[in-house]
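Data from run_7.cif: mmCIF, C-alpha atoms
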data_final
#
loop_
_atom_site.label_atom_id
_atom_site.label_comp_id
_atom_site.auth_asym_id
_atom_site.auth_seq_id
_atom_site.Cartn_x
_atom_site.Cartn_y
_atom_site.Cartn_z
CA MET G 1 -4.15 -33.52 3.33
CA ASP G 2 -6.60 -32.52 6.00
CA GLN G 3 -5.07 -29.17 6.81
CA HIS G 4 -4.76 -26.24 4.45
CA LEU G 5 -2.29 -23.45 4.10
CA SER G 6 -2.55 -20.47 6.40
CA ILE G 7 -1.99 -16.86 5.45
CA GLU G 8 -0.33 -14.18 7.61
CA LYS G 9 -1.15 -10.58 6.70
CA THR G 10 1.62 -8.04 6.92
CA GLU G 11 1.31 -4.31 7.59
CA ILE G 12 1.54 -3.71 3.83
CA GLN G 13 -1.58 -4.31 1.76
CA GLY G 14 -1.24 -7.24 -0.64
CA LEU G 15 1.92 -8.65 0.95
CA TYR G 16 1.51 -12.00 2.75
CA VAL G 17 3.46 -14.78 4.40
CA VAL G 18 2.11 -18.18 3.36
CA ASN G 19 2.44 -21.21 5.61
CA PRO G 20 1.89 -24.27 3.41
CA ALA G 21 0.00 -27.36 4.52
CA SER G 22 2.12 -30.31 5.49
CA TYR G 23 1.62 -33.90 6.51
CA LYS G 24 4.18 -35.85 8.51
CA SER G 25 4.28 -39.56 9.13
CA ASP G 26 6.97 -41.82 10.55
CA GLU G 27 8.33 -42.35 7.03
CA ASP G 28 8.10 -38.98 5.35
CA LEU G 29 6.99 -35.39 5.17
CA ILE G 30 4.78 -34.05 2.40
CA VAL G 31 4.47 -30.29 1.93
CA GLU G 32 1.86 -28.82 -0.36
CA THR G 33 3.95 -25.98 -1.74
CA TYR G 34 1.32 -24.59 -4.10
CA ASN G 35 -2.47 -24.81 -4.26
CA SER G 36 -4.18 -22.22 -6.45
CA GLN G 37 -7.63 -22.97 -4.99
CA GLU G 38 -6.44 -22.30 -1.45
CA LEU G 39 -4.72 -19.09 -2.51
CA LEU G 40 -7.87 -17.94 -4.33
CA LYS G 41 -9.98 -18.64 -1.21
CA ASN G 42 -7.74 -16.08 0.49
CA SER G 43 -8.06 -13.59 -2.41
CA LEU G 44 -4.49 -14.21 -3.56
CA ASN G 45 -5.15 -14.41 -7.28
CA MET G 46 -1.88 -13.93 -9.15
CA THR G 47 -1.32 -16.15 -12.16
CA PHE G 48 2.22 -17.46 -12.34
CA VAL G 49 3.86 -18.01 -15.74
CA GLN G 50 7.33 -19.22 -14.76
CA GLU G 51 9.25 -20.67 -11.84
CA ASN G 52 12.95 -19.97 -11.23
CA GLN G 53 15.48 -21.44 -8.83
CA SER G 54 18.68 -19.79 -7.69
CA MET G 55 21.54 -20.93 -5.51
CA SER G 56 23.71 -18.50 -3.54
CA VAL G 57 26.36 -18.73 -0.84
CA LYS G 58 26.37 -17.18 2.62
CA GLY G 59 26.59 -13.40 2.58
CA VAL G 60 25.14 -12.88 -0.90
CA LEU G 61 22.63 -10.05 -1.09
CA ARG G 62 20.50 -9.96 -4.25
CA GLY G 63 18.39 -6.96 -5.20
CA LEU G 64 16.51 -4.87 -4.72
CA HIS G 65 14.97 -5.47 -8.16
CA VAL G 66 11.77 -4.28 -9.82
CA GLN G 67 10.61 -4.30 -13.44
CA LYS G 68 9.32 -0.93 -14.61
CA ASN G 69 6.89 -1.81 -17.44
CA PHE G 70 6.46 -5.54 -16.83
CA PRO G 71 6.06 -5.78 -13.04
CA GLN G 72 6.46 -9.25 -11.55
CA GLY G 73 4.54 -10.65 -8.65
CA LYS G 74 6.34 -13.46 -6.84
CA LEU G 75 5.77 -16.41 -4.56
CA VAL G 76 9.15 -17.09 -2.94
CA ARG G 77 10.25 -20.14 -0.94
CA VAL G 78 13.51 -21.74 0.15
CA VAL G 79 14.24 -25.41 -0.53
CA ARG G 80 17.71 -25.44 1.04
CA GLY G 81 19.18 -23.16 3.67
CA LYS G 82 17.90 -19.84 5.01
CA ILE G 83 17.44 -16.29 3.70
CA TYR G 84 16.10 -12.96 4.87
CA ASP G 85 13.62 -11.94 2.17
CA VAL G 86 12.56 -8.30 1.68
CA ALA G 87 9.87 -6.57 -0.35
CA VAL G 88 9.60 -2.78 -0.76
CA ASP G 89 6.32 -1.18 -1.83
CA THR G 90 7.05 0.76 -5.04
CA ARG G 91 3.39 1.36 -5.96
CA THR G 92 3.49 5.15 -6.15
CA THR G 93 -0.22 5.55 -5.32
CA SER G 94 -0.08 3.22 -2.31
CA SER G 95 -0.43 4.56 1.24
CA THR G 96 2.53 2.31 2.14
CA TYR G 97 4.78 3.48 -0.73
CA GLY G 98 8.38 3.13 0.42
CA ASP G 99 7.55 0.78 3.30
CA TRP G 100 9.35 -2.54 3.47
CA TYR G 101 8.73 -5.89 5.09
CA GLY G 102 11.23 -8.66 5.76
CA VAL G 103 10.74 -12.31 6.68
CA GLU G 104 13.06 -15.24 7.29
CA LEU G 105 12.39 -18.05 4.84
CA SER G 106 14.05 -21.42 5.28
CA ALA G 107 13.84 -25.05 4.25
CA ASP G 108 12.97 -25.75 7.90
CA ASN G 109 10.14 -23.24 8.45
CA LYS G 110 8.76 -23.75 4.89
CA LYS G 111 7.26 -20.26 4.87
CA GLN G 112 6.63 -18.54 1.56
CA PHE G 113 6.49 -14.85 0.72
CA TYR G 114 3.64 -13.67 -1.53
CA ILE G 115 4.79 -10.43 -3.17
CA PRO G 116 2.31 -8.71 -5.52
CA GLU G 117 3.25 -6.78 -8.61
CA GLY G 118 4.63 -3.33 -7.86
CA PHE G 119 7.20 -4.33 -5.23
CA ALA G 120 10.98 -4.34 -5.31
CA HIS G 121 12.43 -7.61 -4.07
CA GLY G 122 15.72 -8.78 -2.64
CA PHE G 123 17.18 -11.28 -0.20
CA TYR G 124 20.22 -11.93 1.97
CA VAL G 125 21.64 -15.45 2.42
CA ILE G 126 22.04 -16.38 6.09
CA SER G 127 23.02 -20.07 5.75
CA ASP G 128 26.16 -21.46 4.10
CA ILE G 129 24.16 -22.11 0.91
CA ALA G 130 20.59 -21.26 0.01
CA GLU G 131 18.45 -22.47 -2.85
CA VAL G 132 15.50 -20.18 -3.53
CA CYS G 133 12.50 -20.97 -5.75
CA PHE G 134 10.22 -18.23 -6.95
CA LYS G 135 7.15 -18.33 -9.10
CA VAL G 136 6.65 -15.12 -11.10
CA SER G 137 3.61 -13.50 -12.73
CA ASP G 138 5.50 -12.15 -15.76
CA TYR G 139 8.64 -13.09 -17.61
CA TRP G 140 11.99 -11.50 -16.91
CA HIS G 141 12.70 -8.51 -19.14
CA PRO G 142 16.36 -7.67 -18.45
CA ASN G 143 16.18 -4.28 -20.20
CA ASP G 144 13.21 -3.31 -18.04
CA GLU G 145 14.80 -4.05 -14.68
CA ILE G 146 15.58 -1.20 -12.33
CA GLY G 147 16.46 -1.30 -8.69
CA ILE G 148 17.20 0.29 -5.36
CA PRO G 149 20.47 0.06 -3.44
CA TRP G 150 20.26 -2.55 -0.68
CA ASN G 151 21.44 0.02 1.88
CA ASP G 152 19.33 2.99 0.71
CA PRO G 153 19.34 5.52 3.58
CA GLU G 154 15.70 6.47 3.03
CA LEU G 155 14.41 2.89 3.30
CA LYS G 156 16.56 1.90 6.31
CA ILE G 157 16.11 -1.85 5.76
CA ASN G 158 17.25 -3.79 8.79
CA TRP G 159 19.18 -6.59 7.07
CA PRO G 160 20.56 -9.27 9.45
CA ILE G 161 24.15 -8.43 8.54
CA LYS G 162 26.68 -8.49 11.35
CA GLU G 163 28.54 -5.32 12.20
CA ASN G 164 31.69 -4.84 10.14
CA GLU G 165 30.56 -7.41 7.55
CA MET G 166 29.97 -6.47 3.95
CA PRO G 167 27.53 -8.52 1.87
CA ILE G 168 28.52 -10.03 -1.47
CA ILE G 169 26.73 -7.98 -4.11
CA ALA G 170 26.53 -8.45 -7.87
CA ASP G 171 28.07 -5.62 -9.87
CA LYS G 172 24.71 -4.63 -11.41
CA ASP G 173 23.20 -4.20 -7.93
CA LEU G 174 25.90 -1.68 -6.98
CA HIS G 175 24.81 0.96 -9.50
CA TYR G 176 21.14 1.63 -8.80
CA ASP G 177 19.74 5.11 -8.21
CA SER G 178 18.53 5.96 -4.72
CA PHE G 179 14.95 5.28 -3.76
CA SER G 180 14.13 9.00 -3.91
CA LEU G 181 15.13 9.05 -7.61
CA LEU G 182 13.22 5.87 -8.42
CA LYS G 183 9.76 7.41 -8.16
CA GLU G 184 10.03 9.30 -11.46
CA LYS G 185 10.79 6.05 -13.29
CA LEU G 186 7.92 4.29 -11.58
CA VAL G 187 5.35 7.02 -12.30
CA GLN G 188 5.94 6.37 -16.00
CA ARG G 189 4.85 2.77 -15.35
CA GLU G 190 1.52 3.83 -13.89
CA GLU G 191 0.58 6.39 -16.55
#

As structure tokens - that is how I would like this structure written.
Amino acid sequence: MDQHLSIEKTEIQGLYVVNPASYKSDEDLIVETYNSQELLKNSLNMTFVQENQSMSVKGVLRGLHVQKNFPQGKLVRVVRGKIYDVAVDTRTTSSTYGDWYGVELSADNKKQFYIPEGFAHGFYVISDIAEVCFKVSDYWHPNDEIGIPWNDPELKINWPIKENEMPIIADKDLHYDSFSLLKEKLVQREE
């Protein structure tokens, strides 16, 4: 492949949108979905230990999840369908603490979302079905997971949900403390 991935900075330090390199011929399309050398050239140096794939139907909203003592960085991409992917800065010493950034990821645009450790993460499924792949920098520790309500009034995330529609939310995601109460739990992580 002659071309390499390109990186889009966001307003939040450490959070990037990755546009992978691709090659198209009359017969096929090849997409280089991961290249550690290219990421390192751009100072994106997370080491990934596991890759997960999920499938969800239209209207599902997952998150916002963060691990308290075993924070996970992620590289998220969509292999089928379309999602709106969101990361919230939960690094309590960050100048952008509490800021969020959202990006549309799809099988068509092939964009990826590079989310460093210390961020809450969630997504909303826009298409009929979406399959999401995400590399993670630490293993899942279910007893360590905490979260933020998807509709937290302090964060004011602008999800692409139509008026009078209610997203489909897992039971565990309905019982998170507000963002304002999350900071105490997160400070323990950084001590």

Separation of atom CA of G:Asp144 from atom CA of G:Asn158, in Å and rounded to one decimal: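 Pair atom CA of G:Asp144 / atom CA of G:Asn158 returns 27.1 Å.
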
Within 12 Å of G:Lys68 using all atoms listed in the file, minus same-chain residues under 3 positions, as a list in words: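 Final neighbour list, sorted by chain and number: His65, Pro71, Gln72, Thr90, Arg91, Thr92, Glu117, Gly118, Phe119, Ala120, Asp138, Trp140, His141, Pro142, Asn143, Asp144, Glu145, Ile146, Gly147, Leu182, Lys183, Glu184, Lys185, Leu186, Val187, Gln188, Arg189, Glu190 and Glu191 of chain G.
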
Expansion of the PyMOL selection byres ((chain G and resi 106) around 8) into residues, as a list in words: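 Taken over the shown coordinates, the PyMOL selection byres ((chain G and resi 106) around 8) returns Arg77, Val78, Val79, Arg80, Gly81, Lys82, Ile83, Glu104, Leu105, Ala107, Asp108, Asn109, Lys110 and Lys111 of chain G.
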
Residues within 9 Å of G:Leu5, all atoms listed in the file, excluding chain neighbours under 6 positions, as a count of residues only: 10

G:Ser56 surroundings by all atoms listed in the file, 8 Å radius, close-in-sequence under 3 positions cut, as a list in words: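 Non-adjacent residues within range: Val60, Val125, Ile129, Ala130 and Glu131 of chain G.
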
Test item: residues at most 10 Å from G:Leu44, all atoms listed in the file, excluding those fewer than 3 positions along its chain, as a list in words: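 The contact residues come out as Ile7, Gly14, Leu15, Tyr16, Ser36, Gln37, Glu38, Leu39, Leu40, Lys41, Thr47, Tyr114 and Pro116 of chain G.
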
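Applied to this file, the PyMOL selection byres ((chain G and resi 11) around 12) selects the residues G:Glu8, G:Lys9, G:Thr10, G:Ile12, G:Gln13, G:Gly14, G:Leu15, G:Tyr16, G:Val17, G:Ala87, G:Val88, G:Asp89, G:Ser95, G:Thr96, G:Tyr97, G:Asp99, G:Trp100, G:Tyr101, G:Gly102.
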
Distance in Å - atom CA of G:Leu29 versus atom CA of G:Gln112: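 It comes out at 17.2 Å.
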
Point-to-point distance in Å for atom CA of G:Asn69 and atom CA of G:Leu155: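 Separation of atom CA of G:Leu155 and atom CA of G:Asn69: 22.6 Å.
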
Spatial neighbours of stretch 169-177 of chain G, max dist 7 Å, only C-alpha atoms, sep filter under 2 positions, as a ChimeraX atom specification: /G:60-63,147-149,167,179,181-182

Residue nearest G:Met166 - candidates G:Phe134, G:Val103, G:Val76, G:Lys58, atoms counted: all atoms listed in the file: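 The answer is G:Lys58, which sits nearest to G:Met166.
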
Nearest to G:Lys162, chosen from G:Ile115, G:Ile126, G:Leu75, G:Val66, with only C-alpha atoms counted in the distances: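 Nearest to G:Lys162: G:Ile126.
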
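In terms of minimum interatomic distance to G:Ile161, G:Gly59 ranks closest within G:Lys74, G:Ser137, G:Gly59, G:Asp128, counting only C-alpha atoms.
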
Atom completion result for stretch 140-165 of chain G (N, CA and C atoms) as a short mmCIF file (atom, residue, chain, number, x, y, z; two decimals), in the frame of the given file:
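Output below, filename result18.cif:
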data_model
loop_
_atom_site.label_atom_id
_atom_site.label_comp_id
_atom_site.auth_asym_id
_atom_site.auth_seq_id
_atom_site.Cartn_x
_atom_site.Cartn_y
_atom_site.Cartn_z
N TRP G 140 10.90 -12.44 -17.16
CA TRP G 140 11.99 -11.50 -16.91
C TRP G 140 12.29 -10.73 -18.19
N HIS G 141 12.34 -9.42 -18.05
CA HIS G 141 12.70 -8.51 -19.14
C HIS G 141 13.94 -7.75 -18.68
N PRO G 142 15.14 -8.25 -19.01
CA PRO G 142 16.36 -7.67 -18.45
C PRO G 142 16.53 -6.18 -18.75
N ASN G 143 16.04 -5.70 -19.88
CA ASN G 143 16.18 -4.28 -20.20
C ASN G 143 15.16 -3.41 -19.47
N ASP G 144 14.25 -4.03 -18.77
CA ASP G 144 13.21 -3.31 -18.04
C ASP G 144 13.50 -3.25 -16.54
N GLU G 145 14.52 -3.96 -16.11
CA GLU G 145 14.80 -4.05 -14.68
C GLU G 145 15.49 -2.79 -14.17
N ILE G 146 14.96 -2.30 -13.06
CA ILE G 146 15.58 -1.20 -12.33
C ILE G 146 15.69 -1.65 -10.88
N GLY G 147 16.30 -0.85 -10.06
CA GLY G 147 16.46 -1.30 -8.69
C GLY G 147 16.75 -0.18 -7.72
N ILE G 148 16.93 -0.60 -6.49
CA ILE G 148 17.20 0.29 -5.36
C ILE G 148 18.42 -0.27 -4.64
N PRO G 149 19.33 0.58 -4.20
CA PRO G 149 20.47 0.06 -3.44
C PRO G 149 19.99 -0.66 -2.17
N TRP G 150 20.64 -1.75 -1.84
CA TRP G 150 20.26 -2.55 -0.68
C TRP G 150 20.33 -1.74 0.62
N ASN G 151 21.21 -0.76 0.66
CA ASN G 151 21.44 0.02 1.88
C ASN G 151 20.93 1.46 1.73
N ASP G 152 19.87 1.65 0.95
CA ASP G 152 19.33 2.99 0.71
C ASP G 152 19.00 3.66 2.05
N PRO G 153 19.52 4.87 2.28
CA PRO G 153 19.34 5.52 3.58
C PRO G 153 17.89 5.93 3.86
N GLU G 154 17.09 6.11 2.82
CA GLU G 154 15.70 6.47 3.03
C GLU G 154 14.87 5.26 3.49
N LEU G 155 15.18 4.09 2.95
CA LEU G 155 14.41 2.89 3.30
C LEU G 155 14.79 2.33 4.66
N LYS G 156 16.07 2.39 5.01
CA LYS G 156 16.56 1.90 6.31
C LYS G 156 16.17 0.44 6.57
N ILE G 157 16.42 -0.42 5.60
CA ILE G 157 16.11 -1.85 5.76
C ILE G 157 17.05 -2.45 6.79
N ASN G 158 16.49 -3.18 7.71
CA ASN G 158 17.25 -3.79 8.79
C ASN G 158 17.68 -5.21 8.39
N TRP G 159 18.66 -5.29 7.50
CA TRP G 159 19.18 -6.59 7.07
C TRP G 159 19.90 -7.26 8.23
N PRO G 160 19.87 -8.58 8.35
CA PRO G 160 20.56 -9.27 9.45
C PRO G 160 22.05 -9.48 9.14
N ILE G 161 22.73 -8.39 8.87
CA ILE G 161 24.15 -8.43 8.54
C ILE G 161 24.93 -8.00 9.78
N LYS G 162 25.90 -8.80 10.15
CA LYS G 162 26.68 -8.49 11.35
C LYS G 162 27.50 -7.23 11.14
N GLU G 163 27.74 -6.55 12.24
CA GLU G 163 28.54 -5.32 12.20
C GLU G 163 29.93 -5.63 11.61
N ASN G 164 30.40 -4.73 10.80
CA ASN G 164 31.69 -4.84 10.14
C ASN G 164 31.75 -5.91 9.05
N GLU G 165 30.60 -6.49 8.68
CA GLU G 165 30.56 -7.41 7.55
C GLU G 165 29.99 -6.68 6.34
#
